[in-house]
Every structure is written in C-alpha cells, then in structure tokens.
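Chemist: Input input.csv, format and content: CSV, C-alpha atoms.
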```csv
chain,number,residue,atom,x,y,z
A,1,MET,CA,-16.6,0.0,-16.7
A,2,LEU,CA,-14.8,-1.0,-13.5
A,3,GLY,CA,-15.8,-4.3,-12.0
A,4,ILE,CA,-15.6,-5.4,-8.3
A,5,HIS,CA,-15.6,-9.1,-7.4
A,6,GLY,CA,-16.7,-9.1,-3.8
A,7,MET,CA,-19.0,-10.2,-1.0
A,8,SER,CA,-21.5,-7.6,0.1
A,9,ALA,CA,-21.3,-8.3,3.8
A,10,SER,CA,-17.5,-8.2,3.8
A,11,GLY,CA,-16.1,-5.0,5.4
A,12,ASN,CA,-13.1,-5.1,3.1
A,13,CYS,CA,-15.4,-5.1,0.1
A,14,TYR,CA,-17.7,-2.5,1.6
A,15,LYS,CA,-14.7,-0.1,1.8
A,16,VAL,CA,-14.4,-0.2,-2.0
A,17,ARG,CA,-18.1,0.1,-2.7
A,18,LEU,CA,-18.4,3.1,-0.3
A,19,LEU,CA,-15.5,4.9,-2.0
A,20,LEU,CA,-16.9,4.2,-5.5
A,21,GLU,CA,-20.4,5.5,-4.4
A,22,GLN,CA,-18.8,8.7,-2.9
A,23,LEU,CA,-16.7,9.2,-6.0
A,24,GLY,CA,-19.8,8.8,-8.2
A,25,GLN,CA,-17.9,6.3,-10.2
A,26,PRO,CA,-20.0,3.7,-12.1
A,27,TYR,CA,-19.0,0.1,-11.5
A,28,ALA,CA,-20.3,-3.5,-11.9
A,29,TRP,CA,-20.6,-5.5,-8.8
A,30,HIS,CA,-20.0,-9.3,-9.1
A,31,GLU,CA,-21.1,-11.1,-5.9
A,32,VAL,CA,-18.7,-13.9,-4.8
A,33,ASP,CA,-20.0,-16.7,-2.6
A,34,VAL,CA,-17.1,-16.6,-0.2
A,35,LEU,CA,-18.8,-18.6,2.5
A,36,GLY,CA,-19.6,-21.3,-0.1
A,37,GLY,CA,-15.9,-21.6,-1.1
A,38,ALA,CA,-15.9,-19.7,-4.3
A,39,THR,CA,-12.7,-17.9,-3.5
A,40,ARG,CA,-10.9,-21.3,-3.5
A,41,ALA,CA,-12.0,-22.1,-7.1
A,42,PRO,CA,-9.4,-21.9,-9.9
A,43,ALA,CA,-11.3,-19.2,-11.7
A,44,PHE,CA,-11.1,-17.0,-8.6
A,45,LEU,CA,-7.5,-17.8,-7.8
A,46,SER,CA,-6.5,-16.8,-11.3
A,47,MET,CA,-7.8,-13.3,-10.4
A,48,ASN,CA,-6.2,-13.3,-6.9
A,49,PRO,CA,-3.9,-16.1,-5.9
A,50,CYS,CA,-4.5,-15.2,-2.2
A,51,GLY,CA,-8.1,-16.2,-2.6
A,52,GLN,CA,-9.4,-13.1,-0.9
A,53,VAL,CA,-12.1,-10.5,-1.8
A,54,PRO,CA,-12.3,-7.8,-3.0
A,55,VAL,CA,-10.7,-7.8,-6.4
A,56,LEU,CA,-10.9,-4.8,-8.7
A,57,GLU,CA,-11.2,-5.5,-12.4
A,58,TYR,CA,-9.7,-2.2,-13.7
A,59,ALA,CA,-9.8,-3.3,-17.3
A,60,PRO,CA,-11.3,-6.4,-18.9
A,61,GLY,CA,-9.3,-9.4,-17.5
A,62,GLN,CA,-6.9,-7.1,-15.5
A,63,TYR,CA,-7.1,-7.5,-11.7
A,64,LEU,CA,-5.9,-5.7,-8.6
A,65,PRO,CA,-6.4,-7.3,-5.2
A,66,GLU,CA,-5.9,-5.9,-1.7
A,67,SER,CA,-8.6,-3.5,-0.5
A,68,GLY,CA,-5.9,-1.0,0.6
A,69,ALA,CA,-4.3,-0.9,-2.8
A,70,ILE,CA,-7.7,-0.7,-4.5
A,71,LEU,CA,-8.7,2.3,-2.4
A,72,CYS,CA,-5.4,4.1,-3.3
A,73,TYR,CA,-5.9,3.3,-7.0
A,74,LEU,CA,-9.5,4.6,-7.0
A,75,ALA,CA,-8.8,7.6,-4.9
A,76,ALA,CA,-5.7,8.8,-6.8
A,77,GLY,CA,-6.1,12.4,-7.9
A,78,THR,CA,-9.2,12.9,-5.6
A,79,PRO,CA,-9.5,14.6,-2.2
A,80,PHE,CA,-10.0,11.1,-0.6
A,81,TRP,CA,-6.2,10.5,-0.9
A,82,PRO,CA,-4.1,13.6,-0.3
A,83,ASP,CA,-1.3,14.5,-2.7
A,84,GLU,CA,0.9,16.1,-0.1
A,85,ARG,CA,3.7,13.8,0.9
A,86,LEU,CA,3.2,13.8,4.7
A,87,ALA,CA,-0.6,13.7,4.5
A,88,ARG,CA,-0.3,10.8,2.0
A,89,ALA,CA,2.0,8.9,4.4
A,90,ALA,CA,-0.3,9.6,7.3
A,91,THR,CA,-3.2,8.2,5.4
A,92,LEU,CA,-1.3,5.0,4.6
A,93,ARG,CA,-0.1,4.8,8.2
A,94,TRP,CA,-3.7,4.3,9.4
A,95,MET,CA,-4.5,2.0,6.5
A,96,PHE,CA,-1.6,-0.3,7.4
A,97,PHE,CA,-2.6,-0.1,11.1
A,98,GLU,CA,-6.1,-1.2,10.1
A,99,GLN,CA,-4.9,-4.2,8.1
A,100,TYR,CA,-2.2,-5.3,10.7
A,101,SER,CA,-3.6,-4.3,14.1
A,102,HIS,CA,-7.4,-4.0,13.7
A,103,GLU,CA,-8.9,-6.2,11.0
A,104,PRO,CA,-7.2,-9.4,12.1
A,105,TYR,CA,-9.0,-9.0,15.4
A,106,VAL,CA,-12.2,-6.9,15.0
A,107,ALA,CA,-13.1,-8.5,11.6
A,108,VAL,CA,-12.2,-12.0,12.6
A,109,ALA,CA,-14.2,-11.8,15.8
A,110,ARG,CA,-17.2,-10.6,13.7
A,111,TYR,CA,-16.7,-13.5,11.4
A,112,ILE,CA,-16.7,-16.1,14.2
A,113,CYS,CA,-19.7,-14.6,16.1
A,114,HIS,CA,-21.8,-13.5,13.1
A,115,PHE,CA,-21.2,-16.1,10.4
A,116,LEU,CA,-20.2,-19.3,12.1
A,117,PRO,CA,-22.7,-21.5,13.9
A,118,ALA,CA,-23.2,-21.0,17.6
A,119,GLY,CA,-20.9,-23.2,19.6
A,120,HIS,CA,-18.3,-23.4,16.8
A,121,PRO,CA,-14.8,-24.3,18.2
A,122,ARG,CA,-13.3,-21.1,16.8
A,123,ARG,CA,-15.1,-19.3,19.6
A,124,ALA,CA,-12.1,-20.3,21.7
A,125,GLU,CA,-10.2,-17.6,19.8
A,126,LEU,CA,-12.5,-14.8,21.0
A,127,PRO,CA,-10.8,-13.8,24.3
A,128,ARG,CA,-7.5,-13.1,22.4
A,129,LEU,CA,-9.3,-11.4,19.5
A,130,HIS,CA,-11.2,-9.1,22.0
A,131,GLU,CA,-8.0,-8.2,23.9
A,132,ARG,CA,-6.1,-7.3,20.7
A,133,GLY,CA,-9.2,-5.6,19.1
A,134,ASN,CA,-9.7,-3.5,22.1
A,135,GLU,CA,-6.0,-2.4,22.0
A,136,ALA,CA,-6.7,-1.2,18.4
A,137,LEU,CA,-9.9,0.6,19.5
A,138,ARG,CA,-8.0,2.3,22.3
A,139,VAL,CA,-5.4,3.6,19.8
A,140,MET,CA,-8.2,4.9,17.7
A,141,GLU,CA,-9.9,6.5,20.7
A,142,ARG,CA,-6.8,8.3,21.8
A,143,HIS,CA,-6.2,9.7,18.2
A,144,LEU,CA,-9.9,10.7,17.8
A,145,ALA,CA,-10.0,12.5,21.2
A,146,GLY,CA,-7.9,15.2,19.6
A,147,ASN,CA,-8.7,14.8,15.9
A,148,ASP,CA,-11.9,14.7,13.8
A,149,TRP,CA,-10.3,12.5,11.2
A,150,PHE,CA,-7.4,10.0,10.9
A,151,ALA,CA,-5.2,11.9,8.5
A,152,ALA,CA,-4.9,15.3,6.7
A,153,ASP,CA,-7.6,16.9,8.9
A,154,ARG,CA,-10.3,15.6,6.6
A,155,TYR,CA,-12.3,12.6,5.5
A,156,THR,CA,-9.9,10.2,3.5
A,157,ILE,CA,-9.6,6.6,2.6
A,158,ALA,CA,-8.0,6.1,6.0
A,159,ASP,CA,-11.4,6.8,7.6
A,160,ILE,CA,-13.2,4.6,5.0
A,161,ALA,CA,-10.7,1.7,5.8
A,162,LEU,CA,-11.2,2.0,9.6
A,163,PHE,CA,-15.0,2.7,9.5
A,164,ALA,CA,-16.0,-0.6,7.9
A,165,TYR,CA,-15.2,-3.1,10.6
A,166,THR,CA,-15.4,-0.6,13.5
A,167,GLN,CA,-19.1,0.2,12.8
A,168,ALA,CA,-19.7,-3.6,12.8
A,169,ALA,CA,-17.6,-4.3,15.9
A,170,ALA,CA,-20.7,-5.1,18.1
A,171,ASP,CA,-21.3,-8.1,15.7
A,172,GLY,CA,-18.1,-9.5,17.0
A,173,GLY,CA,-18.9,-8.9,20.7
A,174,PHE,CA,-17.1,-5.6,21.2
A,175,ASP,CA,-18.8,-2.9,23.2
A,176,LEU,CA,-18.2,0.6,21.7
A,177,GLY,CA,-19.7,2.2,24.8
A,178,GLY,CA,-16.3,2.8,26.2
A,179,TYR,CA,-15.1,4.6,23.1
A,180,PRO,CA,-17.0,7.9,22.9
A,181,ALA,CA,-14.6,9.6,20.5
A,182,VAL,CA,-14.8,6.6,18.2
A,183,SER,CA,-18.6,6.7,18.4
A,184,ARG,CA,-18.7,10.4,17.5
A,185,TRP,CA,-16.3,9.8,14.5
A,186,LEU,CA,-18.6,6.9,13.3
A,187,GLY,CA,-21.4,9.5,13.2
A,188,ARG,CA,-19.2,12.0,11.2
A,189,VAL,CA,-18.5,9.3,8.6
A,190,ARG,CA,-22.2,8.4,8.3
A,191,ALA,CA,-22.9,12.1,7.7
A,192,GLN,CA,-20.6,12.2,4.6
A,193,PRO,CA,-22.2,12.8,1.2
A,194,ARG,CA,-23.3,9.7,-0.6
A,195,TRP,CA,-22.6,7.5,2.4
A,196,ILE,CA,-24.1,4.0,2.2
A,197,THR,CA,-24.7,1.3,4.8
A,198,MET,CA,-22.8,-2.0,5.0
A,199,PRO,CA,-25.1,-5.0,4.7
A,200,SER,CA,-25.1,-7.1,7.8
A,201,ARG,CA,-25.4,-10.4,5.9
B,1,MET,CA,18.4,14.9,10.0
B,2,LEU,CA,15.9,12.0,9.8
B,3,GLY,CA,15.8,9.7,12.9
B,4,ILE,CA,14.8,6.0,13.0
B,5,HIS,CA,13.7,4.5,16.3
B,6,GLY,CA,14.1,0.8,15.6
B,7,MET,CA,15.6,-2.6,16.5
B,8,SER,CA,18.4,-3.7,14.2
B,9,ALA,CA,17.4,-7.3,14.0
B,10,SER,CA,13.8,-6.5,13.2
B,11,GLY,CA,12.8,-7.1,9.5
B,12,ASN,CA,10.3,-4.2,9.6
B,13,CYS,CA,13.1,-1.9,10.8
B,14,TYR,CA,15.7,-3.3,8.3
B,15,LYS,CA,13.3,-2.4,5.4
B,16,VAL,CA,13.6,1.3,6.4
B,17,ARG,CA,17.3,1.2,6.9
B,18,LEU,CA,17.9,-0.6,3.5
B,19,LEU,CA,15.9,2.0,1.7
B,20,LEU,CA,17.7,4.9,3.4
B,21,GLU,CA,21.1,3.4,2.5
B,22,GLN,CA,20.0,2.8,-1.1
B,23,LEU,CA,18.7,6.4,-1.3
B,24,GLY,CA,22.0,7.7,0.1
B,25,GLN,CA,19.9,9.6,2.7
B,26,PRO,CA,21.6,10.4,6.0
B,27,TYR,CA,19.8,9.3,9.1
B,28,ALA,CA,20.4,8.8,12.9
B,29,TRP,CA,19.6,5.3,14.2
B,30,HIS,CA,18.2,5.1,17.7
B,31,GLU,CA,18.3,1.5,18.9
B,32,VAL,CA,15.2,0.4,20.9
B,33,ASP,CA,15.4,-2.5,23.3
B,34,VAL,CA,12.2,-4.2,22.1
B,35,LEU,CA,12.9,-7.6,23.7
B,36,GLY,CA,13.6,-5.7,27.0
B,37,GLY,CA,10.2,-4.1,26.9
B,38,ALA,CA,11.2,-0.5,25.8
B,39,THR,CA,8.3,-0.3,23.3
B,40,ARG,CA,5.8,-0.5,26.3
B,41,ALA,CA,7.3,2.5,28.1
B,42,PRO,CA,5.4,5.7,28.1
B,43,ALA,CA,8.2,7.6,26.2
B,44,PHE,CA,7.9,5.2,23.3
B,45,LEU,CA,4.1,5.0,23.3
B,46,SER,CA,4.0,8.8,22.9
B,47,MET,CA,5.9,8.3,19.6
B,48,ASN,CA,3.7,5.3,18.6
B,49,PRO,CA,0.7,4.3,20.6
B,50,CYS,CA,0.8,0.9,19.0
B,51,GLY,CA,4.1,0.1,20.7
B,52,GLN,CA,5.8,-1.1,17.5
B,53,VAL,CA,9.1,-0.3,15.8
B,54,PRO,CA,10.1,1.2,13.4
B,55,VAL,CA,9.1,4.9,14.0
B,56,LEU,CA,10.4,7.6,11.7
B,57,GLU,CA,11.2,10.9,13.3
B,58,TYR,CA,10.8,13.1,10.2
B,59,ALA,CA,11.2,16.3,12.1
B,60,PRO,CA,12.3,16.9,15.7
B,61,GLY,CA,9.5,15.4,17.9
B,62,GLN,CA,7.3,14.5,14.8
B,63,TYR,CA,6.8,10.8,14.3
B,64,LEU,CA,5.5,8.4,11.6
B,65,PRO,CA,5.0,4.7,12.5
B,66,GLU,CA,4.2,1.7,10.3
B,67,SER,CA,7.0,0.5,8.1
B,68,GLY,CA,4.9,0.5,5.0
B,69,ALA,CA,3.9,4.2,5.4
B,70,ILE,CA,7.5,5.1,6.2
B,71,LEU,CA,8.8,3.4,3.0
B,72,CYS,CA,6.2,5.3,0.9
B,73,TYR,CA,7.1,8.6,2.6
B,74,LEU,CA,10.9,8.1,2.1
B,75,ALA,CA,10.5,6.8,-1.5
B,76,ALA,CA,8.2,9.5,-2.7
B,77,GLY,CA,9.6,11.2,-5.8
B,78,THR,CA,12.2,8.4,-6.3
B,79,PRO,CA,12.2,5.4,-8.6
B,80,PHE,CA,11.7,3.1,-5.6
B,81,TRP,CA,8.0,4.1,-5.6
B,82,PRO,CA,6.6,4.6,-9.1
B,83,ASP,CA,4.5,7.7,-9.8
B,84,GLU,CA,2.2,6.0,-12.4
B,85,ARG,CA,-1.2,5.2,-10.9
B,86,LEU,CA,-1.3,1.5,-11.7
B,87,ALA,CA,2.3,0.8,-10.9
B,88,ARG,CA,1.9,2.7,-7.6
B,89,ALA,CA,-1.2,0.6,-6.7
B,90,ALA,CA,0.6,-2.7,-7.7
B,91,THR,CA,3.5,-1.7,-5.4
B,92,LEU,CA,1.0,-1.1,-2.5
B,93,ARG,CA,-0.8,-4.4,-3.3
B,94,TRP,CA,2.3,-6.4,-2.5
B,95,MET,CA,3.1,-4.2,0.5
B,96,PHE,CA,-0.4,-4.9,2.0
B,97,PHE,CA,0.0,-8.6,1.1
B,98,GLU,CA,3.3,-8.6,3.0
B,99,GLN,CA,1.8,-7.1,6.2
B,100,TYR,CA,-1.4,-9.1,6.1
B,101,SER,CA,-0.5,-12.5,4.6
B,102,HIS,CA,3.3,-12.9,5.1
B,103,GLU,CA,4.7,-11.0,8.0
B,104,PRO,CA,2.2,-12.3,10.6
B,105,TYR,CA,3.4,-15.9,9.8
B,106,VAL,CA,6.9,-15.7,8.4
B,107,ALA,CA,8.1,-13.1,10.9
B,108,VAL,CA,6.3,-14.5,13.9
B,109,ALA,CA,7.7,-18.0,13.3
B,110,ARG,CA,11.2,-16.4,13.2
B,111,TYR,CA,10.5,-14.6,16.4
B,112,ILE,CA,9.4,-17.8,18.2
B,113,CYS,CA,12.2,-20.0,16.8
B,114,HIS,CA,15.0,-17.4,16.9
B,115,PHE,CA,14.4,-15.1,19.9
B,116,LEU,CA,12.3,-17.1,22.4
B,117,PRO,CA,14.0,-19.8,24.6
B,118,ALA,CA,14.0,-23.4,23.3
B,119,GLY,CA,10.9,-25.2,24.5
B,120,HIS,CA,8.8,-22.0,24.8
B,121,PRO,CA,5.0,-22.8,24.8
B,122,ARG,CA,4.5,-20.5,21.8
B,123,ARG,CA,6.2,-23.2,19.7
B,124,ALA,CA,2.7,-24.7,19.6
B,125,GLU,CA,1.8,-22.0,17.1
B,126,LEU,CA,4.4,-23.1,14.6
B,127,PRO,CA,2.4,-25.6,12.6
B,128,ARG,CA,-0.2,-23.0,11.7
B,129,LEU,CA,2.4,-20.3,11.1
B,130,HIS,CA,4.3,-22.6,8.7
B,131,GLU,CA,1.1,-23.5,6.9
B,132,ARG,CA,0.1,-19.9,6.4
B,133,GLY,CA,3.6,-18.7,5.7
B,134,ASN,CA,4.1,-21.4,3.0
B,135,GLU,CA,0.8,-20.2,1.4
B,136,ALA,CA,2.4,-16.7,1.2
B,137,LEU,CA,5.6,-18.1,-0.2
B,138,ARG,CA,3.7,-20.1,-2.9
B,139,VAL,CA,1.9,-16.9,-4.0
B,140,MET,CA,5.3,-15.2,-4.3
B,141,GLU,CA,6.8,-18.1,-6.1
B,142,ARG,CA,4.0,-18.1,-8.7
B,143,HIS,CA,4.4,-14.4,-9.3
B,144,LEU,CA,8.2,-14.6,-9.5
B,145,ALA,CA,8.1,-17.5,-11.9
B,146,GLY,CA,7.0,-14.9,-14.5
B,147,ASN,CA,8.3,-11.7,-13.2
B,148,ASP,CA,11.7,-10.4,-12.0
B,149,TRP,CA,10.2,-8.0,-9.6
B,150,PHE,CA,6.9,-7.6,-7.7
B,151,ALA,CA,5.7,-4.4,-9.3
B,152,ALA,CA,6.4,-2.0,-12.2
B,153,ASP,CA,9.0,-4.4,-13.7
B,154,ARG,CA,11.7,-3.0,-11.5
B,155,TYR,CA,13.1,-3.0,-8.0
B,156,THR,CA,10.7,-1.0,-5.7
B,157,ILE,CA,9.7,-0.7,-2.1
B,158,ALA,CA,7.5,-3.8,-2.6
B,159,ASP,CA,10.6,-5.9,-3.1
B,160,ILE,CA,12.2,-4.3,-0.1
B,161,ALA,CA,9.1,-5.0,2.0
B,162,LEU,CA,9.0,-8.6,1.0
B,163,PHE,CA,12.8,-9.3,1.0
B,164,ALA,CA,13.3,-8.6,4.8
B,165,TYR,CA,11.5,-11.5,6.3
B,166,THR,CA,11.7,-13.8,3.3
B,167,GLN,CA,15.5,-13.9,3.4
B,168,ALA,CA,15.3,-14.7,7.1
B,169,ALA,CA,12.6,-17.4,6.7
B,170,ALA,CA,15.0,-20.2,7.5
B,171,ASP,CA,15.4,-18.7,11.0
B,172,GLY,CA,11.7,-19.5,11.5
B,173,GLY,CA,11.9,-23.1,10.2
B,174,PHE,CA,10.9,-22.5,6.6
B,175,ASP,CA,12.7,-24.3,3.8
B,176,LEU,CA,13.2,-22.1,0.8
B,177,GLY,CA,14.5,-25.1,-1.2
B,178,GLY,CA,11.1,-25.6,-2.7
B,179,TYR,CA,10.9,-22.0,-4.0
B,180,PRO,CA,13.5,-21.6,-6.7
B,181,ALA,CA,12.0,-18.4,-8.2
B,182,VAL,CA,11.9,-16.8,-4.7
B,183,SER,CA,15.5,-17.8,-4.2
B,184,ARG,CA,16.6,-16.3,-7.5
B,185,TRP,CA,14.8,-13.1,-6.7
B,186,LEU,CA,16.5,-12.9,-3.3
B,187,GLY,CA,19.8,-12.9,-5.2
B,188,ARG,CA,18.6,-10.1,-7.5
B,189,VAL,CA,17.8,-8.0,-4.5
B,190,ARG,CA,21.2,-8.7,-2.9
B,191,ALA,CA,22.8,-7.5,-6.1
B,192,GLN,CA,21.2,-4.1,-6.0
B,193,PRO,CA,23.5,-1.1,-5.4
B,194,ARG,CA,24.1,-0.1,-1.8
B,195,TRP,CA,22.4,-3.3,-0.5
B,196,ILE,CA,23.2,-4.0,3.1
B,197,THR,CA,22.7,-7.2,5.2
B,198,MET,CA,20.0,-7.6,7.9
B,199,PRO,CA,21.6,-8.4,11.3
B,200,SER,CA,20.5,-11.8,12.6
B,201,ARG,CA,20.5,-10.6,16.2
```
Please express the file's structure as structure tokens.
Modeler:
Amino acid sequence: MLGIHGMSASGNCYKVRLLLEQLGQPYAWHEVDVLGGATRAPAFLSMNPCGQVPVLEYAPGQYLPESGAILCYLAAGTPFWPDERLARAATLRWMFFEQYSHEPYVAVARYICHFLPAGHPRRAELPRLHERGNEALRVMERHLAGNDWFAADRYTIADIALFAYTQAAADGGFDLGGYPAVSRWLGRVRAQPRWITMPSR
Amino acid sequence: MLGIHGMSASGNCYKVRLLLEQLGQPYAWHEVDVLGGATRAPAFLSMNPCGQVPVLEYAPGQYLPESGAILCYLAAGTPFWPDERLARAATLRWMFFEQYSHEPYVAVARYICHFLPAGHPRRAELPRLHERGNEALRVMERHLAGNDWFAADRYTIADIALFAYTQAAADGGFDLGGYPAVSRWLGRVRAQPRWITMPSR
C-alpha cells in the first residue's frame, strides 16, 4: 500500500491526501511532527534530504518528495492530469506558479500568523508576504474571471495544488473578499466528489 | 515557428534555449528588456500576468509561461522527458526542487551581486541567500555523489533546469569548490551534444 509521510495541517500534504481520496486509492498516513523538528532527524532526511513534507513511499523504502511531483505521479493515467500535451503543460504551468509565486507568500504568512506565537519577530515579514501573496491572488482572480478551472477546462491537480493554501489564506491575514472569482472557484472545488476538508491544526 | 520571449542572460530563459538547441527545434528569440522594466508593460502582462520571462509562444498569439512547464511541453515525446511514470515523476521532483529550494536563493544572489550596483541595499539579503543556496547545493552534491544524472539515469530536463543557475553560482558569491560531484556533473552537462553557453550579461 502507498504511504504518505506528512503533517495533516500542511497544505502541501493536504494536496496529496485530497487527490488520494478523490482517486479512491488506499494509503497509509504517517504523521510527522514537523513543528517538533522531526523533519530534521536523520531518519527523515534519509527519505527526503530537503527535510520537507510530504514524502510519498511508493514502494517499501522507496521515496518520492515534492508535492507537485507526487501529484503528477499519483494522477498519471487519470483525468486529474490530462494526457494531451498542451493541457498537460498548462496544468504544470499553474503548479509551478503555485510553488514559486503563491506558496512562498500565502503559505508562509499562514505559518507565521497561525503556528508561531503572537508577537514572534517573523511577523515583520508579513507586509512583504501580503504584497506578494496578493499579487498571486490577483493573477488567479484574472484567470478565474474567464475560466471555471485552471487548466484543460476541468478540475485537475492544478486546482488541487492551488486550492490548499488559497482556502486557508485568511489564516495568514489575507482577505479574500476582494477576489470574487477566486471565492466562487473555491466553492466549485469543495463541491467535487469525495472532497475532504483540510485540518486547521 | 515557435517563439521565445526572454532575456538572454536569465537562467530560466537559457534553460529553454538550451533544450531547443539540443532538440534541433527552430525558434524565434524575442529579447525582452527585463532590467529596463519591459515585463511590467501591459503588452507583456497580456502574455504572462506574472510579469516573468520566459514565455513560449507555441502558436501565434498563444502563450505558455513558467520555464518548468515550457521544458515539459517542448520535451514531450523526446528522451529529455522520460515517458515511464516513475522516471517522469523523478524528473519533476528535481524541477520543483529547483524552483522552490534552489532558484530563489542561487539565482537571486546572482541577480543582486551581478546585476545590481555595488553597495545596493539588497546585498543585506545575501547571508540568508547563501545559507539557503548552500543547503540546495548540498542536496545536489549528496545525490550526485551516487548518480551521474538527476533522474532516470540519463540527461533530462531536470539536469537542464538545475544546470542553468548552478553553473553561474559563482556570480552570486557561491564557491563550488566544496562540491566536487556537482562540479563533475557540470562538466558532463557541458559535454552533451549541441550544448551552448549561457551569456553572462
């Protein structure tokens, strides 16, 4: 059986769990105490030298890190990752956008506001994180004003990748009130079969 | 004919040009004056609302941004992006690693040291960029100590993605002397057929 080494309240880990649930694919979940430092322990670093969750154990003792790569691996041959060349590239385009232009701001702001103690010095990073995170949300809003989904005119792993931290953006101090098309898209994702919630903690 | 809107001295753009040369695929190069602000102009933002190069014009007036997605699009059906499910995911794993854990440090340090005036206030970012960039280089070194290539036991778009800014790391103040396996791998990439240099400016 597939194994996932992850932290339930991590958006990157939730992406993988949501896809597995929607695929109806059995898996074993191994909770990792990220906030307690478990990803810095040698046992974890031997699975992923970057010290990040999630890690997919696709065969006993065989590991694949990087949520984007895991989503592609699991969705191969399913409608969640289109086969057609351009649709496939468009899906990846939004997944790379998420990891480069969205997650480093929207997810990190959530981490600082939601998981660190009030008054933590990293709160000084928030103005820049909000500025860059709002840039990403504006790019999403513009796309979703004319499209129901991010790629291939249907629900794909690009939507899963972008949904995770966007739906939790308020935890990082973002106001989604100014992004009506994003808000409607969040509702369309939540209405997908076998959708599950992301734990807040 | 395919078009590339890019900046010659950008590593993200060089990745695309290197692959096109190695594929023997004709293309038209459209130089974008990034340092002069051209990516913030409405004409450019209509191609890529993120305001980043490169952008692939795969058909007249049809655009695909994100270097990682462009590499996958161009390499589809070629040996540069394996078809086999696990090899494909392993290739993507290193491409996501590059965009999330390598480029934001190694490329940004190069930008600050190499393109901004001496004494620019952004030099204050360098200690953190060097710390995180060296973490990425250590992950690469560990992998390359036991493997000639990043994925699929052969030269793929994962190597192209990681080569671009790694070979220019010294421009950002990194010392590759402590990474012998990385240095040997750089040599193997340079020895590939139809390899081209990346312009320094």
Chemist: Counting all atoms listed in the file, a student should be able to say which residues of chain B come within 9 Å of chain A; what is the right answer, written as a PyMOL selection string?
Modeler: chain B and resi 49-50+64-73+76+85-86+88-97+99-101+104+135-136+139+142
Chemist: Which is closer to A:Val16 than all the others in A:Gly37, A:Leu45, A:Leu186, A:Trp29, using all atoms listed in the file?
Modeler: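 Among the listed residues, the smallest separation from A:Val16 belongs to A:Trp29.
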Chemist: Atom CA of B:Lys15 to atom CA of B:Val53: how many Å, to one decimal?
Modeler: 11.4 Å
Chemist: Take atom CA of B:Ala161 and atom CA of B:Asn12 and report the distance between them in Å, one decimal.
Modeler: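 About the pair atom CA of B:Ala161 and atom CA of B:Asn12: they are 7.7 Å apart.
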Chemist: Which neighbours of B:Glu31 fall inside 8 Å, counting only C-alpha atoms, when residues of the same chain fewer than 3 positions from it are skipped, and could you give them as a ChimeraX atom specification?
Modeler: /B:5-8
Chemist: With C-alpha atoms retained, write the just-selected residues as a JSON list (two decimals), in the frame of the given file.
Modeler:
```json
[["chain", "number", "residue", "atom", "x", "y", "z"],
["B", 5, "HIS", "CA", 13.70, 4.50, 16.30],
["B", 6, "GLY", "CA", 14.10, 0.80, 15.60],
["B", 7, "MET", "CA", 15.60, -2.60, 16.50],
["B", 8, "SER", "CA", 18.40, -3.70, 14.20]]
```
Chemist: Between A:Arg132, A:Val34, A:Pro180, A:Gln62, which one has atoms that come closest to A:Met47, using all atoms listed in the file?
Modeler: A:Gln62
Chemist: Looking at all atoms listed in the file, which of A:Leu56, A:Ile160, A:Ala109, A:Ala28 is the one that sits closest to A:Thr197?
Modeler: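 Closest candidate: A:Ile160.
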Chemist: Using only C-alpha atoms, can you list as a VMD selection string the residues within 12 Å of (-20.3, 10.4, -1.5)?
Modeler: chain A and resid 17 to 25 79 to 80 155 to 156 160 189 to 197
Chemist: How would you write as a compact mmCIF listing (two decimals) with C-alpha atoms, in the frame of the given file the residues that get within 9 Å of (19.7, -13.1, 2.8) in the file's frame, counting only C-alpha atoms?
Modeler:
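The resulting file, out_11.txt, is reproduced below:
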```
# COMPACT_ATOMS: atom_id res chain seq x y z
CA PHE B 163 12.80 -9.30 1.00
CA ALA B 164 13.30 -8.60 4.80
CA THR B 166 11.70 -13.80 3.30
CA GLN B 167 15.50 -13.90 3.40
CA ALA B 168 15.30 -14.70 7.10
CA LEU B 186 16.50 -12.90 -3.30
CA GLY B 187 19.80 -12.90 -5.20
CA ARG B 190 21.20 -8.70 -2.90
CA THR B 197 22.70 -7.20 5.20
CA MET B 198 20.00 -7.60 7.90
```
Chemist: At a cut-off of 10 Å, using all atoms listed in the file, what residues contact A:Tyr111? Leave out same-chain residues fewer than 3 positions from it and give the result as a ChimeraX atom specification.
Modeler: /A:10,105-108,114-116,122,171-172
Chemist: Given the selection you just returned, output its residues as a file containing C-alpha atoms, formatted as an mmCIF file, in the coordinates of the input.
Modeler:
```
data_model
loop_
_atom_site.group_PDB
_atom_site.id
_atom_site.type_symbol
_atom_site.label_atom_id
_atom_site.label_comp_id
_atom_site.auth_asym_id
_atom_site.auth_seq_id
_atom_site.Cartn_x
_atom_site.Cartn_y
_atom_site.Cartn_z
ATOM 1 C CA SER A 10 -17.500 -8.200 3.800
ATOM 2 C CA TYR A 105 -9.000 -9.000 15.400
ATOM 3 C CA VAL A 106 -12.200 -6.900 15.000
ATOM 4 C CA ALA A 107 -13.100 -8.500 11.600
ATOM 5 C CA VAL A 108 -12.200 -12.000 12.600
ATOM 6 C CA HIS A 114 -21.800 -13.500 13.100
ATOM 7 C CA PHE A 115 -21.200 -16.100 10.400
ATOM 8 C CA LEU A 116 -20.200 -19.300 12.100
ATOM 9 C CA ARG A 122 -13.300 -21.100 16.800
ATOM 10 C CA ASP A 171 -21.300 -8.100 15.700
ATOM 11 C CA GLY A 172 -18.100 -9.500 17.000
#
```
Chemist: Measuring between only C-alpha atoms, which one of A:Phe44, A:Tyr14, A:Phe174, A:Tyr165 shows the shortest distance to A:Leu126?
Modeler: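 Closest to A:Leu126, using only C-alpha atoms: A:Phe174.
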Chemist: Of the candidates B:Leu176, B:Val182, B:Val55, B:Ile4, which one gets nearest to B:Glu141 if we count only C-alpha atoms?
Modeler: B:Val182
Chemist: So the first atom is atom CA of A:Ala169 and the second is atom CA of A:Glu131; what is the distance between them in Å, to one decimal place?
Modeler: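 Straight-line distance from atom CA of A:Ala169 to atom CA of A:Glu131 works out to 13.1 Å.
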Chemist: Some atoms are missing, so please complete stretch 16-23 of chain B with N, CA and C atoms and return it as a tab-separated table (two decimals), in the frame of the given file.
Modeler:
```
chain	number	residue	atom	x	y	z
B	16	VAL	N	13.40	-0.18	6.37
B	16	VAL	CA	13.60	1.30	6.40
B	16	VAL	C	15.07	1.62	6.21
B	17	ARG	N	15.91	0.88	6.93
B	17	ARG	CA	17.30	1.20	6.90
B	17	ARG	C	17.90	0.85	5.47
B	18	LEU	N	17.43	-0.26	4.89
B	18	LEU	CA	17.90	-0.60	3.50
B	18	LEU	C	17.52	0.49	2.54
B	19	LEU	N	16.29	0.95	2.59
B	19	LEU	CA	15.90	2.00	1.70
B	19	LEU	C	16.71	3.28	1.88
B	20	LEU	N	16.90	3.67	3.12
B	20	LEU	CA	17.70	4.90	3.40
B	20	LEU	C	19.10	4.76	2.85
B	21	GLU	N	19.71	3.58	3.03
B	21	GLU	CA	21.10	3.40	2.50
B	21	GLU	C	21.04	3.45	0.97
B	22	GLN	N	20.03	2.86	0.36
B	22	GLN	CA	20.00	2.80	-1.10
B	22	GLN	C	19.65	4.23	-1.68
B	23	LEU	N	18.97	5.03	-0.88
B	23	LEU	CA	18.70	6.40	-1.30
B	23	LEU	C	19.91	7.32	-1.04
```
